[in-house]
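Enquirer: So that we are looking at the same thing, I have put the structure below in structure tokens.
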Amino acid sequence: MRSIRRSSLTYLMLLLGLAIAGVGVLVDRFARAAIRAREDAETERIEQIFTLRWEAEVQRRDQAYRDRRREVEAKFDVQLRNEANILSRQARSKVWALLNPGRPPGKDRDPPGKERDPGSGPVFRAAEEDAKEFIPPKPRFLPPSSALAAVGGSAAATSASDPGVRNTLWLAYELPRTLPRIQEMLEKSYEDDQHPEFFQVQVVMVEPGQPDRTVAVVRPDRVPEDLPLDVAAVGKDPNFEREYDDIEIPGHGSFRRLVMPVSVPSLYPYLMGFRLPSPPGLQPGSGGWPGPGGRLRYDLVLRIYFHYARPRSDLAHQLAEEKRSLDAQFARREDERQDRDAQVAGVRAESRAELAKLRTRLGLIGAVTFVALLAGGWVVVGRGLRPVGRLSDAVSRVSERDFSLPHDGKDLPVELAPIHARLTQTLDLLRRAFSREKQAVADISHELRTPIAALMATLDVALRKPRSPEQYRATLEECRVISAQLGQLVERIMTLASLDAGNDRTLVSRTDAAELAAGCAAVIRPLAAANGLALTTRVDDFLDLDTDPGKLREVLMNLLHNAVEYNRPGGTIELVARRDGAAAVFEVQDSGIGMPAEVREKIFERFYRADPSRHATGVHAGLGLAIVKEYVARLGGGLSVDSAPGAGSTFRVTLPAAPAEPVPDAVAEPAAAP
Amino acid sequence: MRVLLIEDSAPIVRAVRQGLEEEGFAVDVAVDGEEGDVKARATAYDVIILDRMLPKVDDGLTLLKKWRSAGITTHVLMLTAKTQFPDRVAGLDTGADDYLCKPFDFSELLARVRALVRRGHQQKDPVLRCYDLEIDTAARTVRRAGQVVHLTPREYALLEFLAFHRGKVVTRSMIWEHLYDEYDENTSNVVDVYIRYLRNKIDKNFDPPLILTRWGEGYMLRGDDDPPAPKKEK
């Protein structure tokens, strides 16, 4: 069974559920967006921090790389230099020994490099030995003056006696022979040394008036060719100390090279084991030749350059080493990255958890709200429906005995007031209808009981004792009369019932009023005569109407019967049928007792009899006029009555007449069949 | 016993009147309320049978109410087509002694009328006894010393009337009033004639004689406080 309360609550809840769901979804979306935004911002911040830090770190690392590289390179260079120093000292010693046999460099005041390496003693000694072997302690020969002269030119010739000039000349003579010997000696001095290093000893001769030239080069066999050196450029720099550069050694790759000069004294005093006498005015060791014009000349100088190279792969190795250690330092930055990732993941998880919490709360709030509203709605709708319940209670108390609604409808809401009013009205109508019906049933039963009682009483009495045939006959006659009345009564009741039920059909046909009236009068006239009444008819000719003749006849017969019944002895009855405009008017006038106005209102009610005393003679049981009324209504006519007490009554039936058809093709029959 | 029938339905009046008269009742008829009112006030009927729906008065009940307020105590039997429970209650409460609904069985009507008659004489037993005389008012039979005595309705009515007033003197006018209807010719000795007939049938061969004559007053049926004189008369 549908309940308003439940269904309206359901709709309400549906609506509320939708609203809550909508609000929830909106809130959820906004919250989600906000949380997402916050999450993104947080993530971005972390990323930024991390990136900044990372970049700084990278910069720092790069800087560190560079620093370390520089450091390593510097260190490498220093190592290079140190090693080169050692080796160059050796070289100097050897050269020194070669050029000044028998004079250890420490003993000599002249050579530069005051410090002495004790460990290099044997080397120097060996060199000395070599030098002794290769350089004779004394000049084996003195070059002939002619030779000198050839070399020195005229000057030599002129000053052959001058030792200085003689030396110069000698020099010019001796030098080309000496230089290859220097080369040879150097090579010899180094040939036993299996140095793992890459080095080169380069002897450069500086000769006045000549470009500097390399006179001897010693290098290990590993070095396939001479290491290049721009002798001219180096020689021009008076302050040249050392030079680092990168070179390629074929077959060994890239190398870092250090070129440094090995200081040796000017060669002239010691060249080739000769101690040349110093020119006059020239202090030994002052380093110069006496040039033309009495100036000292330092023209012939041997410079020794020491090359030392180490493969760059060492450096690269070191650098790689350094880089590894640095990278190891920076490896923890990876941890930081993981930390960042963990942080970001943490932020995301946090926001997810927050979102989940929010959703849970939203759901909880929604559920609680829903439940609260459900309960509240139940109560509220119940309250709202209470008047309906009251009305329903009131309606349920309505019984068929009492059709009044036990509710005055004062405190009903406006929505229910019309229902109440309509219900009250309907119940009122029903009550009236029911009471009418009850009254009718009571009346019918009463009217039926009376003849039946008469019948039974008559029969009972007749049967109480044996009777004569005449007596029986009289009784039977009596019974027949009563039965006839009874039958008539039942007929009328049935007529009314069928009229009420709507079963009645109206059979309309063209009817001649005159003929109809004549028929009725013919039936009633004997009855009227029996009651001492005179019946007259006054009928217009050519009065046709479209109606149900049977019903109209019934109406007129009833009215005429009434006129007979309620007339006074010796009275008159007049039946009139006349045309009145478009209407056909039938009138039944009697000279009877008439009736007051209050009776006139009731005569068409069923079972109403103006004078019950007429009961004994009548058979209409107060139904005649009710039937008349019903029939006239069915025929679409009007019924009225004029009456005053003692002045007789006129019943008037007005029916629509047919359009005048002045050609009655049949002569009106004098009487209708009874 | 004399009955007033107030009823407007002619066939019923006819039948009931015939039936009652054949049972020895004297029946007066009124066909409307006014007539009934007049007759009821004029005569002391034993029973009035009153229809409820009556012409010329509002209602049979109205009539009854008037009678009761006027002190008329006659037993009234309402005979009506109004069979509804409230109608019956209203009828009895207004003062009716009995209520019979149409259609009715005539025997029932008779029985009820008889019952009302008995009630009027404070007699519960339908069999009236006087010494060895037994009057069965229901079967309308009379026995004297066990022998059935055949009586005409009139004789029976007279005997019954005497029996109801047993031990009391019943005047001729009383007999007249209660045993003869309005249309009977009032001949002075008709009561004496019937008394003689009764005596012939009841007392003639029996002893003691039960119908006593009070000279100058009337007749009476011998009561218990009026013992028969032994061997007084053959």
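Letters for chains follow the order of the structure tokens (A, B, ...), residue numbers begin at 1 for each chain, and ligand numbers begin at 1 in the order shown.
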Please provide as a PyMOL selection string all residues within 10 Å of Gln147 in chain B, with the sequence filter that same-chain residues fewer than 2 positions apart are discarded (counting only C-alpha atoms).

Expert: chain B and resi 132-134+142-145+149-150+202

Enquirer: Using C-alpha atoms, can you write the selected residues to a file as a compact mmCIF listing (two decimals), in the first residue's frame?

Expert:
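The result, stored in selection29.txt:
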```
# COMPACT_ATOMS: atom_id res chain seq x y z
CA ASP B 132 -65.95 -28.85 37.91
CA LEU B 133 -66.42 -26.44 35.06
CA GLU B 134 -63.40 -25.90 32.83
CA VAL B 142 -66.04 -26.02 27.88
CA ARG B 143 -66.20 -29.09 30.06
CA ARG B 144 -68.46 -29.73 32.96
CA ALA B 145 -67.38 -32.64 35.15
CA VAL B 149 -70.32 -28.96 26.61
CA HIS B 150 -71.04 -27.52 23.19
CA ILE B 202 -74.09 -26.19 31.99
```

Enquirer: Could you work out which residues of chain B fall inside 10 Å of chain A? Count only C-alpha atoms, and format the result as number ranges by chain.

Expert: B: 7-20, 22-23, 31-33, 53-58, 80-84, 101-107, 109

Enquirer: Please produce a file of those selected residues containing N, CA, C and O atoms, as a compact mmCIF listing (two decimals), in the first residue's frame.

Expert:
```txt
# COMPACT_ATOMS: atom_id res chain seq x y z
N GLU B 7 -58.92 0.69 11.83
CA GLU B 7 -58.10 0.27 10.70
C GLU B 7 -58.70 0.88 9.45
O GLU B 7 -59.92 0.90 9.27
N ASP B 8 -57.83 1.40 8.55
CA ASP B 8 -58.37 2.08 7.38
C ASP B 8 -58.37 1.21 6.13
O ASP B 8 -58.89 1.60 5.12
N SER B 9 -57.78 0.04 6.22
CA SER B 9 -57.76 -0.81 5.05
C SER B 9 -58.99 -1.71 5.07
O SER B 9 -59.14 -2.58 5.93
N ALA B 10 -59.85 -1.48 4.09
CA ALA B 10 -61.14 -2.16 4.10
C ALA B 10 -61.02 -3.69 4.09
O ALA B 10 -61.73 -4.36 4.85
N PRO B 11 -60.18 -4.25 3.28
CA PRO B 11 -60.12 -5.72 3.29
C PRO B 11 -59.70 -6.26 4.64
O PRO B 11 -60.24 -7.27 5.11
N ILE B 12 -58.77 -5.57 5.28
CA ILE B 12 -58.34 -6.04 6.60
C ILE B 12 -59.49 -5.93 7.58
O ILE B 12 -59.75 -6.86 8.38
N VAL B 13 -60.17 -4.80 7.53
CA VAL B 13 -61.29 -4.62 8.45
C VAL B 13 -62.30 -5.75 8.27
O VAL B 13 -62.75 -6.37 9.23
N ARG B 14 -62.57 -6.00 7.01
CA ARG B 14 -63.55 -7.03 6.72
C ARG B 14 -63.10 -8.38 7.30
O ARG B 14 -63.84 -9.06 8.04
N ALA B 15 -61.92 -8.75 6.98
CA ALA B 15 -61.45 -10.08 7.37
C ALA B 15 -61.34 -10.19 8.89
O ALA B 15 -61.82 -11.16 9.50
N VAL B 16 -60.73 -9.19 9.51
CA VAL B 16 -60.52 -9.27 10.95
C VAL B 16 -61.87 -9.26 11.69
O VAL B 16 -62.09 -10.02 12.64
N ARG B 17 -62.72 -8.41 11.20
CA ARG B 17 -64.02 -8.36 11.85
C ARG B 17 -64.73 -9.69 11.78
O ARG B 17 -65.23 -10.21 12.79
N GLN B 18 -64.72 -10.26 10.59
CA GLN B 18 -65.38 -11.56 10.44
C GLN B 18 -64.75 -12.61 11.35
O GLN B 18 -65.44 -13.34 12.08
N GLY B 19 -63.41 -12.61 11.32
CA GLY B 19 -62.72 -13.62 12.11
C GLY B 19 -62.99 -13.46 13.59
O GLY B 19 -63.29 -14.43 14.30
N LEU B 20 -62.94 -12.24 14.08
CA LEU B 20 -63.16 -12.00 15.50
C LEU B 20 -64.60 -12.34 15.89
O LEU B 20 -64.83 -12.95 16.94
N GLU B 22 -66.54 -14.43 14.49
CA GLU B 22 -66.72 -15.87 14.50
C GLU B 22 -66.12 -16.49 15.75
O GLU B 22 -66.47 -17.61 16.11
N GLU B 23 -65.21 -15.80 16.40
CA GLU B 23 -64.64 -16.29 17.65
C GLU B 23 -65.42 -15.77 18.85
O GLU B 23 -64.98 -15.89 19.98
N VAL B 31 -62.79 3.48 10.88
CA VAL B 31 -61.89 3.50 9.73
C VAL B 31 -60.98 4.70 9.72
O VAL B 31 -60.14 4.83 8.84
N ASP B 32 -61.16 5.58 10.68
CA ASP B 32 -60.16 6.66 10.76
C ASP B 32 -59.95 7.04 12.22
O ASP B 32 -60.63 6.54 13.11
N GLY B 33 -59.01 7.90 12.43
CA GLY B 33 -58.59 8.23 13.78
C GLY B 33 -59.66 8.93 14.59
O GLY B 33 -59.87 8.63 15.76
N MET B 53 -50.93 3.75 11.02
CA MET B 53 -51.09 4.78 10.00
C MET B 53 -52.59 5.00 9.80
O MET B 53 -53.25 4.13 9.25
N LEU B 54 -53.03 6.14 10.26
CA LEU B 54 -54.47 6.37 10.23
C LEU B 54 -54.78 7.70 9.56
O LEU B 54 -54.06 8.68 9.73
N PRO B 55 -55.82 7.71 8.81
CA PRO B 55 -56.27 9.00 8.26
C PRO B 55 -56.82 9.88 9.37
O PRO B 55 -57.21 9.41 10.43
N LYS B 56 -56.75 11.15 9.09
CA LYS B 56 -57.39 12.18 9.92
C LYS B 56 -56.67 12.44 11.25
O LYS B 56 -57.08 13.32 11.99
N VAL B 57 -55.74 11.62 11.57
CA VAL B 57 -54.87 11.97 12.71
C VAL B 57 -53.45 11.80 12.22
O VAL B 57 -53.20 11.17 11.18
N ASP B 58 -52.53 12.39 12.98
CA ASP B 58 -51.15 12.29 12.53
C ASP B 58 -50.71 10.84 12.48
O ASP B 58 -50.07 10.39 11.55
N THR B 80 -49.75 -2.93 12.84
CA THR B 80 -49.17 -1.93 11.94
C THR B 80 -48.20 -2.54 10.94
O THR B 80 -47.64 -3.61 11.16
N ALA B 81 -48.03 -1.81 9.87
CA ALA B 81 -47.04 -2.22 8.86
C ALA B 81 -45.67 -1.69 9.18
O ALA B 81 -44.69 -2.01 8.52
N LYS B 82 -45.63 -0.88 10.22
CA LYS B 82 -44.31 -0.36 10.62
C LYS B 82 -43.63 -1.41 11.48
O LYS B 82 -43.96 -1.57 12.65
N THR B 83 -42.73 -2.10 10.88
CA THR B 83 -42.16 -3.27 11.55
C THR B 83 -40.78 -3.00 12.10
O THR B 83 -40.17 -3.88 12.69
N GLN B 84 -40.29 -1.80 11.87
CA GLN B 84 -38.92 -1.55 12.30
C GLN B 84 -38.82 -1.57 13.81
O GLN B 84 -39.77 -1.23 14.53
N CYS B 101 -47.14 -6.96 13.92
CA CYS B 101 -46.74 -6.38 12.64
C CYS B 101 -47.51 -7.00 11.50
O CYS B 101 -47.77 -8.20 11.47
N LYS B 102 -47.86 -6.17 10.53
CA LYS B 102 -48.46 -6.65 9.30
C LYS B 102 -47.36 -7.17 8.39
O LYS B 102 -46.29 -6.57 8.36
N PRO B 103 -47.54 -8.17 7.61
CA PRO B 103 -48.74 -9.03 7.64
C PRO B 103 -48.68 -9.98 8.82
O PRO B 103 -47.63 -10.39 9.24
N PHE B 104 -49.83 -10.30 9.30
CA PHE B 104 -49.88 -11.09 10.54
C PHE B 104 -50.68 -12.37 10.30
O PHE B 104 -51.42 -12.49 9.30
N ASP B 105 -50.47 -13.27 11.20
CA ASP B 105 -51.28 -14.49 11.16
C ASP B 105 -52.50 -14.25 12.02
O ASP B 105 -52.40 -13.75 13.14
N PHE B 106 -53.64 -14.58 11.47
CA PHE B 106 -54.85 -14.23 12.21
C PHE B 106 -54.93 -14.96 13.54
O PHE B 106 -55.41 -14.41 14.54
N SER B 107 -54.42 -16.20 13.59
CA SER B 107 -54.44 -16.94 14.85
C SER B 107 -53.61 -16.22 15.90
O SER B 107 -53.98 -16.16 17.08
N LEU B 109 -53.09 -13.05 16.00
CA LEU B 109 -53.88 -11.89 16.43
C LEU B 109 -54.91 -12.30 17.47
O LEU B 109 -55.05 -11.66 18.52
```

Enquirer: Could you jot down the CA of Ile72 in chain B to CA of Thr137 in chain B separation for me, Å, one decimal place?

Expert: 25.6 Å

Enquirer: Residues of range 13-160 of chain B in strand (DSSP E) according to DSSP, as a PyMOL selection string?

Expert: chain B and resi 26-30+47-51+75-80+98-101+127-130+133-136+141-144+147-149

Enquirer: I need the residues from that last selection saved to file as an mmCIF file, in the first residue's frame (with N, CA and C atoms), if you can.

Expert:
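Produced file part-v1.cif, reproduced below:
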```cif
data_model
loop_
_atom_site.group_PDB
_atom_site.id
_atom_site.type_symbol
_atom_site.label_atom_id
_atom_site.label_comp_id
_atom_site.auth_asym_id
_atom_site.auth_seq_id
_atom_site.Cartn_x
_atom_site.Cartn_y
_atom_site.Cartn_z
ATOM 1 N N ALA B 26 -67.348 -9.312 20.095
ATOM 2 C CA ALA B 26 -68.163 -8.232 19.546
ATOM 3 C C ALA B 26 -67.187 -7.201 19.002
ATOM 4 N N VAL B 27 -67.328 -6.869 17.715
ATOM 5 C CA VAL B 27 -66.333 -6.017 17.070
ATOM 6 C C VAL B 27 -66.953 -4.715 16.627
ATOM 7 N N ASP B 28 -66.334 -3.638 17.096
ATOM 8 C CA ASP B 28 -66.683 -2.320 16.574
ATOM 9 C C ASP B 28 -65.548 -1.889 15.641
ATOM 10 N N VAL B 29 -65.938 -1.152 14.601
ATOM 11 C CA VAL B 29 -64.933 -0.769 13.613
ATOM 12 C C VAL B 29 -64.897 0.740 13.489
ATOM 13 N N ALA B 30 -63.679 1.255 13.426
ATOM 14 C CA ALA B 30 -63.515 2.672 13.089
ATOM 15 C C ALA B 30 -62.491 2.738 11.961
ATOM 16 N N VAL B 47 -60.438 -4.766 24.334
ATOM 17 C CA VAL B 47 -59.171 -4.598 23.590
ATOM 18 C C VAL B 47 -59.428 -3.627 22.427
ATOM 19 N N ILE B 48 -58.467 -2.773 22.179
ATOM 20 C CA ILE B 48 -58.523 -1.939 20.978
ATOM 21 C C ILE B 48 -57.391 -2.379 20.054
ATOM 22 N N ILE B 49 -57.780 -2.708 18.843
ATOM 23 C CA ILE B 49 -56.764 -3.025 17.842
ATOM 24 C C ILE B 49 -56.564 -1.760 17.020
ATOM 25 N N LEU B 50 -55.352 -1.233 17.082
ATOM 26 C CA LEU B 50 -55.117 0.107 16.539
ATOM 27 C C LEU B 50 -54.071 0.042 15.412
ATOM 28 N N ASP B 51 -54.533 0.513 14.267
ATOM 29 C CA ASP B 51 -53.559 0.642 13.180
ATOM 30 C C ASP B 51 -52.718 1.884 13.451
ATOM 31 N N HIS B 75 -56.700 -2.068 27.040
ATOM 32 C CA HIS B 75 -55.558 -2.709 26.388
ATOM 33 C C HIS B 75 -55.568 -2.381 24.926
ATOM 34 N N VAL B 76 -54.392 -1.988 24.438
ATOM 35 C CA VAL B 76 -54.276 -1.585 23.031
ATOM 36 C C VAL B 76 -53.259 -2.484 22.352
ATOM 37 N N LEU B 77 -53.722 -3.044 21.246
ATOM 38 C CA LEU B 77 -52.817 -3.858 20.433
ATOM 39 C C LEU B 77 -52.540 -3.073 19.158
ATOM 40 N N MET B 78 -51.280 -2.731 18.975
ATOM 41 C CA MET B 78 -50.947 -2.004 17.761
ATOM 42 C C MET B 78 -50.814 -3.005 16.635
ATOM 43 N N LEU B 79 -51.520 -2.712 15.569
ATOM 44 C CA LEU B 79 -51.439 -3.586 14.399
ATOM 45 C C LEU B 79 -50.937 -2.709 13.257
ATOM 46 N N THR B 80 -49.746 -2.930 12.845
ATOM 47 C CA THR B 80 -49.169 -1.926 11.937
ATOM 48 C C THR B 80 -48.203 -2.539 10.938
ATOM 49 N N ASP B 98 -49.473 -4.356 23.320
ATOM 50 C CA ASP B 98 -48.898 -5.374 22.447
ATOM 51 C C ASP B 98 -48.688 -4.737 21.086
ATOM 52 N N TYR B 99 -47.881 -5.399 20.280
ATOM 53 C CA TYR B 99 -47.496 -4.820 19.004
ATOM 54 C C TYR B 99 -47.429 -5.943 18.004
ATOM 55 N N LEU B 100 -48.239 -5.867 16.998
ATOM 56 C CA LEU B 100 -48.265 -6.928 16.000
ATOM 57 C C LEU B 100 -48.022 -6.297 14.640
ATOM 58 N N CYS B 101 -47.139 -6.961 13.917
ATOM 59 C CA CYS B 101 -46.736 -6.378 12.638
ATOM 60 C C CYS B 101 -47.510 -6.999 11.497
ATOM 61 N N VAL B 127 -56.958 -21.619 31.054
ATOM 62 C CA VAL B 127 -58.129 -22.461 31.403
ATOM 63 C C VAL B 127 -58.798 -21.871 32.652
ATOM 64 N N LEU B 128 -60.002 -21.458 32.486
ATOM 65 C CA LEU B 128 -60.749 -20.899 33.636
ATOM 66 C C LEU B 128 -61.500 -22.044 34.312
ATOM 67 N N ARG B 129 -61.381 -22.068 35.630
ATOM 68 C CA ARG B 129 -62.030 -23.179 36.341
ATOM 69 C C ARG B 129 -63.006 -22.637 37.372
ATOM 70 N N CYS B 130 -64.097 -23.392 37.420
ATOM 71 C CA CYS B 130 -65.069 -23.047 38.451
ATOM 72 C C CYS B 130 -65.716 -24.365 38.876
ATOM 73 N N LEU B 133 -66.292 -27.038 36.382
ATOM 74 C CA LEU B 133 -66.419 -26.440 35.060
ATOM 75 C C LEU B 133 -65.040 -25.955 34.591
ATOM 76 N N GLU B 134 -64.674 -26.338 33.399
ATOM 77 C CA GLU B 134 -63.398 -25.903 32.833
ATOM 78 C C GLU B 134 -63.654 -25.203 31.516
ATOM 79 N N ILE B 135 -63.141 -23.990 31.427
ATOM 80 C CA ILE B 135 -63.299 -23.253 30.183
ATOM 81 C C ILE B 135 -61.901 -23.022 29.623
ATOM 82 N N ASP B 136 -61.674 -23.684 28.482
ATOM 83 C CA ASP B 136 -60.372 -23.496 27.831
ATOM 84 C C ASP B 136 -60.515 -22.333 26.861
ATOM 85 N N THR B 141 -63.183 -24.394 24.412
ATOM 86 C CA THR B 141 -64.005 -25.560 24.761
ATOM 87 C C THR B 141 -64.404 -25.476 26.222
ATOM 88 N N VAL B 142 -65.506 -26.064 26.509
ATOM 89 C CA VAL B 142 -66.041 -26.015 27.878
ATOM 90 C C VAL B 142 -66.328 -27.450 28.309
ATOM 91 N N ARG B 143 -65.868 -27.772 29.512
ATOM 92 C CA ARG B 143 -66.199 -29.088 30.060
ATOM 93 C C ARG B 143 -66.841 -28.892 31.402
ATOM 94 N N ARG B 144 -67.849 -29.720 31.620
ATOM 95 C CA ARG B 144 -68.456 -29.728 32.964
ATOM 96 C C ARG B 144 -68.327 -31.145 33.477
ATOM 97 N N GLN B 147 -67.218 -33.627 31.025
ATOM 98 C CA GLN B 147 -67.994 -33.769 29.793
ATOM 99 C C GLN B 147 -67.915 -32.481 28.993
ATOM 100 N N VAL B 148 -67.692 -32.679 27.680
ATOM 101 C CA VAL B 148 -67.618 -31.512 26.805
ATOM 102 C C VAL B 148 -69.010 -30.943 26.634
ATOM 103 N N VAL B 149 -69.043 -29.647 26.800
ATOM 104 C CA VAL B 149 -70.319 -28.958 26.611
ATOM 105 C C VAL B 149 -70.191 -28.097 25.362
#
```

Enquirer: Excluding range 225-228 of chain A and any residue of its chain fewer than 2 positions from it, enumerate the residues within 12 Å of it, using only C-alpha atoms, and give them as a short mmCIF file (atom, residue, chain, number, x, y, z; two decimals) with N, CA, C and O atoms, in the first residue's frame.

Expert:
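Dumped to selection_29.cif:
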```
data_model
loop_
_atom_site.label_atom_id
_atom_site.label_comp_id
_atom_site.auth_asym_id
_atom_site.auth_seq_id
_atom_site.Cartn_x
_atom_site.Cartn_y
_atom_site.Cartn_z
N PHE A 198 111.47 9.94 -19.74
CA PHE A 198 111.67 10.52 -21.08
C PHE A 198 112.38 11.85 -20.87
O PHE A 198 111.81 12.73 -20.22
N PHE A 199 113.54 11.91 -21.39
CA PHE A 199 114.25 13.19 -21.24
C PHE A 199 115.14 13.40 -22.46
O PHE A 199 115.32 12.52 -23.31
N GLN A 200 115.69 14.56 -22.45
CA GLN A 200 116.60 14.89 -23.56
C GLN A 200 117.55 15.96 -23.10
O GLN A 200 117.09 16.93 -22.46
N VAL A 201 118.76 15.76 -23.37
CA VAL A 201 119.75 16.81 -23.07
C VAL A 201 120.17 17.40 -24.41
O VAL A 201 120.58 16.67 -25.33
N GLN A 202 120.00 18.69 -24.48
CA GLN A 202 120.24 19.36 -25.76
C GLN A 202 121.30 20.43 -25.54
O GLN A 202 121.14 21.29 -24.66
N THR A 214 121.82 23.71 -32.34
CA THR A 214 121.94 22.53 -31.48
C THR A 214 123.15 21.78 -31.93
O THR A 214 123.33 21.50 -33.12
N ALA A 216 124.42 19.14 -29.81
CA ALA A 216 124.38 17.75 -29.35
C ALA A 216 123.02 17.46 -28.70
O ALA A 216 122.47 18.31 -28.04
N VAL A 217 122.55 16.29 -28.96
CA VAL A 217 121.29 15.89 -28.35
C VAL A 217 121.45 14.47 -27.80
O VAL A 217 121.98 13.60 -28.49
N VAL A 218 121.10 14.34 -26.56
CA VAL A 218 121.10 13.00 -26.01
C VAL A 218 119.69 12.68 -25.54
O VAL A 218 119.03 13.47 -24.88
N ARG A 219 119.21 11.52 -25.84
CA ARG A 219 117.86 11.11 -25.42
C ARG A 219 117.83 9.61 -25.28
O ARG A 219 118.64 8.91 -25.90
N PRO A 220 116.97 9.10 -24.51
CA PRO A 220 116.89 7.65 -24.41
C PRO A 220 116.43 7.10 -25.75
O PRO A 220 115.80 7.81 -26.54
N ASP A 221 116.66 5.80 -25.86
CA ASP A 221 116.27 5.17 -27.12
C ASP A 221 114.76 5.12 -27.29
O ASP A 221 114.24 4.98 -28.38
N ARG A 222 114.10 5.19 -26.13
CA ARG A 222 112.62 5.12 -26.20
C ARG A 222 112.05 6.26 -27.00
O ARG A 222 110.99 6.16 -27.55
N VAL A 223 112.81 7.37 -26.92
CA VAL A 223 112.28 8.53 -27.63
C VAL A 223 112.76 8.42 -29.06
O VAL A 223 113.96 8.44 -29.33
N ASP A 230 112.21 25.29 -29.87
CA ASP A 230 112.51 26.50 -30.66
C ASP A 230 113.70 27.18 -30.02
O ASP A 230 113.54 27.98 -29.10
N VAL A 231 114.84 26.78 -30.44
CA VAL A 231 116.08 27.23 -29.79
C VAL A 231 116.21 28.74 -29.86
O VAL A 231 116.60 29.40 -28.90
N ALA A 232 115.88 29.27 -31.02
CA ALA A 232 116.04 30.70 -31.22
C ALA A 232 115.20 31.49 -30.24
O ALA A 232 115.69 32.42 -29.58
N VAL A 234 113.92 30.48 -27.41
CA VAL A 234 114.36 30.29 -26.03
C VAL A 234 115.64 31.11 -25.78
O VAL A 234 115.79 31.74 -24.73
N ASP A 245 105.33 22.51 -21.61
CA ASP A 245 104.43 22.43 -22.76
C ASP A 245 104.01 20.97 -22.95
O ASP A 245 104.49 20.07 -22.28
N ASP A 246 103.05 20.83 -23.85
CA ASP A 246 102.54 19.49 -24.12
C ASP A 246 103.01 19.08 -25.49
O ASP A 246 102.88 19.85 -26.45
N ILE A 247 103.51 17.89 -25.56
CA ILE A 247 104.02 17.43 -26.84
C ILE A 247 103.52 16.03 -27.10
O ILE A 247 102.99 15.35 -26.19
N GLU A 248 103.69 15.67 -28.32
CA GLU A 248 103.37 14.29 -28.71
C GLU A 248 104.67 13.56 -28.96
O GLU A 248 105.54 14.06 -29.67
N ILE A 249 104.82 12.44 -28.34
CA ILE A 249 105.98 11.61 -28.67
C ILE A 249 105.46 10.45 -29.48
O ILE A 249 104.61 9.69 -28.97
N PRO A 250 105.91 10.37 -30.68
CA PRO A 250 105.34 9.30 -31.51
C PRO A 250 105.56 7.95 -30.84
O PRO A 250 106.65 7.64 -30.37
N GLY A 251 104.49 7.20 -30.80
CA GLY A 251 104.56 5.87 -30.22
C GLY A 251 104.33 5.84 -28.74
O GLY A 251 104.13 4.79 -28.16
N HIS A 252 104.28 7.01 -28.09
CA HIS A 252 104.08 7.02 -26.63
C HIS A 252 102.97 7.94 -26.20
O HIS A 252 102.68 8.06 -25.02
N PHE A 255 102.48 13.88 -23.89
CA PHE A 255 103.40 14.06 -22.76
C PHE A 255 103.39 15.47 -22.29
O PHE A 255 103.12 16.41 -23.03
N ARG A 256 103.72 15.57 -21.02
CA ARG A 256 103.96 16.89 -20.44
C ARG A 256 105.48 17.04 -20.38
O ARG A 256 106.17 16.16 -19.86
N ARG A 257 105.86 18.14 -20.89
CA ARG A 257 107.32 18.31 -20.99
C ARG A 257 107.75 19.54 -20.24
O ARG A 257 107.05 20.55 -20.25
N LEU A 258 108.87 19.41 -19.63
CA LEU A 258 109.51 20.57 -18.99
C LEU A 258 110.86 20.80 -19.67
O LEU A 258 111.64 19.87 -19.82
N VAL A 259 111.05 22.01 -20.11
CA VAL A 259 112.36 22.37 -20.69
C VAL A 259 113.02 23.36 -19.76
O VAL A 259 112.40 24.37 -19.41
N TYR A 305 120.08 22.58 -22.62
CA TYR A 305 118.64 22.52 -22.24
C TYR A 305 118.30 21.10 -21.88
O TYR A 305 118.66 20.16 -22.58
N PHE A 306 117.63 21.03 -20.79
CA PHE A 306 117.20 19.70 -20.34
C PHE A 306 115.69 19.57 -20.54
O PHE A 306 114.89 20.35 -20.06
N HIS A 307 115.37 18.58 -21.30
CA HIS A 307 113.96 18.27 -21.52
C HIS A 307 113.57 17.14 -20.60
O HIS A 307 114.30 16.19 -20.47
N TYR A 308 112.45 17.32 -20.01
CA TYR A 308 111.95 16.21 -19.22
C TYR A 308 110.45 16.07 -19.49
O TYR A 308 109.69 17.03 -19.46
N ALA A 309 110.07 14.87 -19.77
CA ALA A 309 108.65 14.67 -20.13
C ALA A 309 108.07 13.50 -19.35
O ALA A 309 108.75 12.52 -19.08
#
```

Enquirer: Give me the residues within 9 Å of Phe607 in chain A as a list in words, counting only C-alpha atoms and dropping any in the same chain fewer than 4 places off.

Expert: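 Answer for this query is Ala440, Asp443, Ile444, Glu447, Ile603, His620, Ala621, Gly622, Leu623, Gly624 and Ala626 of chain A.
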
Enquirer: Would you pick out the contacts of Val23 in chain A at 12 Å or less, using only C-alpha atoms, so that residues sharing its chain but fewer than 5 positions from it are not included, and give the list as a VMD selection string?

Expert: chain A and resid 16 to 18 28 to 31 362 to 363 365 to 366
